[in-house]
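Asks: The file below is entry_24.pdb, PDB, C-alpha atoms:
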ATOM      1  CA  MET A   1     292.584  64.230 138.912
ATOM      2  CA  VAL A   2     292.575  60.438 138.842
ATOM      3  CA  TRP A   3     290.052  58.416 140.866
ATOM      4  CA  SER A   4     291.032  54.971 141.999
ATOM      5  CA  ARG A   5     288.580  52.087 142.138
ATOM      6  CA  ASP A   6     290.326  51.127 145.367
ATOM      7  CA  PHE A   7     289.014  54.236 147.151
ATOM      8  CA  GLY A   8     288.170  53.162 150.681
ATOM      9  CA  ARG A   9     290.052  49.896 150.365
ATOM     10  CA  GLY A  10     291.543  48.881 153.662
ATOM     11  CA  VAL A  11     289.048  50.914 155.679
ATOM     12  CA  GLN A  12     288.239  48.966 158.798
ATOM     13  CA  GLU A  13     284.694  48.875 160.070
ATOM     14  CA  LYS A  14     284.255  50.028 163.629
ATOM     15  CA  ASN A  15     281.690  48.433 165.866
ATOM     16  CA  SER A  16     280.888  51.401 168.080
ATOM     17  CA  VAL A  17     277.432  52.939 168.222
ATOM     18  CA  MET A  18     277.120  56.619 169.123
ATOM     19  CA  LYS A  19     274.235  58.950 169.862
ATOM     20  CA  CYS A  20     273.435  61.340 167.014
ATOM     21  CA  THR A  21     274.600  64.900 167.698
ATOM     22  CA  ILE A  22     271.966  66.356 165.347
ATOM     23  CA  CYS A  23     268.651  64.843 166.500
ATOM     24  CA  LYS A  24     269.915  63.789 169.973
ATOM     25  CA  THR A  25     267.609  60.729 169.978
ATOM     26  CA  GLY A  26     268.867  58.292 167.363
ATOM     27  CA  HIS A  27     271.912  56.059 167.406
ATOM     28  CA  THR A  28     274.275  55.485 164.519
ATOM     29  CA  HIS A  29     275.003  52.231 162.759
ATOM     30  CA  PRO A  30     277.515  51.375 160.012
ATOM     31  CA  GLY A  31     276.242  51.880 156.485
ATOM     32  CA  ILE A  32     276.960  53.417 153.090
ATOM     33  CA  ALA A  33     276.301  57.067 152.199
ATOM     34  CA  THR A  34     276.359  59.278 149.129
ATOM     35  CA  VAL A  35     278.349  62.436 149.843
ATOM     36  CA  THR A  36     277.855  65.577 147.724
ATOM     37  CA  ARG A  37     280.164  68.573 147.943
ATOM     38  CA  GLN A  38     279.802  71.800 145.983
ATOM     39  CA  GLY A  39     282.631  74.207 145.220
ATOM     40  CA  ASP A  40     282.806  77.407 143.197
ATOM     41  CA  ASN A  41     282.338  75.809 139.776
ATOM     42  CA  ALA A  42     282.072  72.114 140.482
ATOM     43  CA  VAL A  43     279.956  69.503 142.200
ATOM     44  CA  VAL A  44     281.527  66.257 143.390
ATOM     45  CA  VAL A  45     279.398  63.215 144.217
ATOM     46  CA  LEU A  46     280.975  60.264 146.006
ATOM     47  CA  ARG A  47     278.899  57.094 146.201
ATOM     48  CA  ASN A  48     279.303  54.068 148.468
ATOM     49  CA  VAL A  49     281.218  55.956 151.157
ATOM     50  CA  PRO A  50     281.503  54.087 154.483
ATOM     51  CA  ALA A  51     279.696  56.083 157.170
ATOM     52  CA  ASP A  52     277.869  55.818 160.460
ATOM     53  CA  ILE A  53     274.220  56.701 159.784
ATOM     54  CA  CYS A  54     271.610  57.811 162.329
ATOM     55  CA  GLU A  55     268.630  55.458 162.490
ATOM     56  CA  ASP A  56     266.218  58.351 163.176
ATOM     57  CA  CYS A  57     267.210  61.394 161.128
ATOM     58  CA  GLY A  58     269.570  59.876 158.516
ATOM     59  CA  GLU A  59     272.498  62.167 159.323
ATOM     60  CA  TYR A  60     275.777  60.523 158.355
ATOM     61  CA  TYR A  61     279.185  60.676 159.975
ATOM     62  CA  LEU A  62     282.108  59.752 157.767
ATOM     63  CA  VAL A  63     284.240  56.879 158.986
ATOM     64  CA  VAL A  64     287.904  57.861 159.224
TER
END
So that I can check it, write out the structure of this file as structure tokens.
Replies:
Amino acid sequence: MVWSRDFGRGVQEKNSVMKCTICKTGHTHPGIATVTRQGDNAVVVLRNVPADICEDCGEYYLVV
């Protein structure tokens, strides 16, 4: 597998704020998250992923 340094290039920031579906009180704002995924025999960590992050609980929603 080859990882490109251009990962996320061309991703447009959105300016919408939404209410967090986890804590139900906070609102999300654009930011950067570290995403960790675990499989059967591997762990993948992605840093500097564009996401909407809740100001109260820290839950992140990946920007698509």
Asks: Env of stretch 58-60 of chain A: 10 Å cut, atoms = only C-alpha atoms, seq-sep filter 5 positions within chain, self excluded. Answer as an NGL selection string.
Replies: :A and (20-23 or 26-35 or 50-53)
Asks: For the residues in the current selection, export C-alpha atoms as a PDB file, keeping the file's coordinate frame.
Replies:
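Result file follows (part-v5.pdb):
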ATOM      1  CA  CYS A  20     273.435  61.340 167.014  1.00  0.00           C
ATOM      2  CA  THR A  21     274.600  64.900 167.698  1.00  0.00           C
ATOM      3  CA  ILE A  22     271.966  66.356 165.347  1.00  0.00           C
ATOM      4  CA  CYS A  23     268.651  64.843 166.500  1.00  0.00           C
ATOM      5  CA  GLY A  26     268.867  58.292 167.363  1.00  0.00           C
ATOM      6  CA  HIS A  27     271.912  56.059 167.406  1.00  0.00           C
ATOM      7  CA  THR A  28     274.275  55.485 164.519  1.00  0.00           C
ATOM      8  CA  HIS A  29     275.003  52.231 162.759  1.00  0.00           C
ATOM      9  CA  PRO A  30     277.515  51.375 160.012  1.00  0.00           C
ATOM     10  CA  GLY A  31     276.242  51.880 156.485  1.00  0.00           C
ATOM     11  CA  ILE A  32     276.960  53.417 153.090  1.00  0.00           C
ATOM     12  CA  ALA A  33     276.301  57.067 152.199  1.00  0.00           C
ATOM     13  CA  THR A  34     276.359  59.278 149.129  1.00  0.00           C
ATOM     14  CA  VAL A  35     278.349  62.436 149.843  1.00  0.00           C
ATOM     15  CA  PRO A  50     281.503  54.087 154.483  1.00  0.00           C
ATOM     16  CA  ALA A  51     279.696  56.083 157.170  1.00  0.00           C
ATOM     17  CA  ASP A  52     277.869  55.818 160.460  1.00  0.00           C
ATOM     18  CA  ILE A  53     274.220  56.701 159.784  1.00  0.00           C
TER      19      ILE A  53
END
Asks: Between atom CA of A:Asp56 and atom CA of A:Val44, what distance in Å does the model show, to one decimal?
Replies: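 Going from atom CA of A:Asp56 over to atom CA of A:Val44 covers 26.2 Å.
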Asks: Could you check how far atom CA of A:Cys54 sits from atom CA of A:Lys19, in Å to one decimal?
Replies: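 Going from atom CA of A:Cys54 over to atom CA of A:Lys19, I get 8.1 Å.
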Asks: Could you check how far atom CA of A:Leu46 sits from atom CA of A:Lys24, in Å to one decimal?
Replies: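 About the pair atom CA of A:Leu46 and atom CA of A:Lys24: they are 26.6 Å apart.
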Asks: Under the rule that only C-alpha atoms are counted, which of A:Thr25, A:Val43, A:Arg37, A:Val17 is the nearest residue to A:Cys57?
Replies: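 Nearest to A:Cys57: A:Thr25.
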Asks: Generate the missing atoms of stretch 41-60 of chain A up to N, CA and C atoms and report them as a tab-separated table (two decimals), keeping the file's coordinate frame.
Replies:
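For reference, selection05.tsv as written:
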chain	number	residue	atom	x	y	z
A	41	ASN	N	282.82	76.15	141.11
A	41	ASN	CA	282.34	75.81	139.78
A	41	ASN	C	282.20	74.32	139.56
A	42	ALA	N	282.11	73.56	140.65
A	42	ALA	CA	282.07	72.11	140.48
A	42	ALA	C	281.23	71.47	141.58
A	43	VAL	N	280.67	70.33	141.23
A	43	VAL	CA	279.96	69.50	142.20
A	43	VAL	C	280.59	68.11	142.14
A	44	VAL	N	280.93	67.58	143.32
A	44	VAL	CA	281.53	66.26	143.39
A	44	VAL	C	280.57	65.34	144.15
A	45	VAL	N	280.27	64.19	143.58
A	45	VAL	CA	279.40	63.22	144.22
A	45	VAL	C	280.20	61.94	144.42
A	46	LEU	N	280.29	61.51	145.67
A	46	LEU	CA	280.98	60.26	146.01
A	46	LEU	C	279.93	59.27	146.47
A	47	ARG	N	279.88	58.12	145.84
A	47	ARG	CA	278.90	57.09	146.20
A	47	ARG	C	279.60	55.96	146.94
A	48	ASN	N	278.81	55.24	147.73
A	48	ASN	CA	279.30	54.07	148.47
A	48	ASN	C	280.42	54.42	149.44
A	49	VAL	N	280.24	55.52	150.17
A	49	VAL	CA	281.22	55.96	151.16
A	49	VAL	C	280.85	55.34	152.51
A	50	PRO	N	281.79	54.65	153.16
A	50	PRO	CA	281.50	54.09	154.48
A	50	PRO	C	281.20	55.21	155.48
A	51	ALA	N	280.11	55.05	156.21
A	51	ALA	CA	279.70	56.08	157.17
A	51	ALA	C	278.88	55.46	158.28
A	52	ASP	N	278.80	56.18	159.40
A	52	ASP	CA	277.87	55.82	160.46
A	52	ASP	C	276.63	56.66	160.22
A	53	ILE	N	275.45	56.02	160.15
A	53	ILE	CA	274.22	56.70	159.78
A	53	ILE	C	273.22	56.62	160.92
A	54	CYS	N	272.60	57.76	161.25
A	54	CYS	CA	271.61	57.81	162.33
A	54	CYS	C	270.34	57.08	161.90
A	55	GLU	N	269.83	56.24	162.79
A	55	GLU	CA	268.63	55.46	162.49
A	55	GLU	C	267.37	56.32	162.48
A	56	ASP	N	267.40	57.49	163.11
A	56	ASP	CA	266.22	58.35	163.18
A	56	ASP	C	266.20	59.43	162.10
A	57	CYS	N	267.25	60.24	162.04
A	57	CYS	CA	267.21	61.39	161.13
A	57	CYS	C	267.98	61.19	159.83
A	58	GLY	N	268.83	60.14	159.74
A	58	GLY	CA	269.57	59.88	158.52
A	58	GLY	C	270.87	60.64	158.37
A	59	GLU	N	271.22	61.46	159.36
A	59	GLU	CA	272.50	62.17	159.32
A	59	GLU	C	273.63	61.16	159.23
A	60	TYR	N	274.66	61.46	158.45
A	60	TYR	CA	275.78	60.52	158.35
A	60	TYR	C	277.05	61.15	158.90
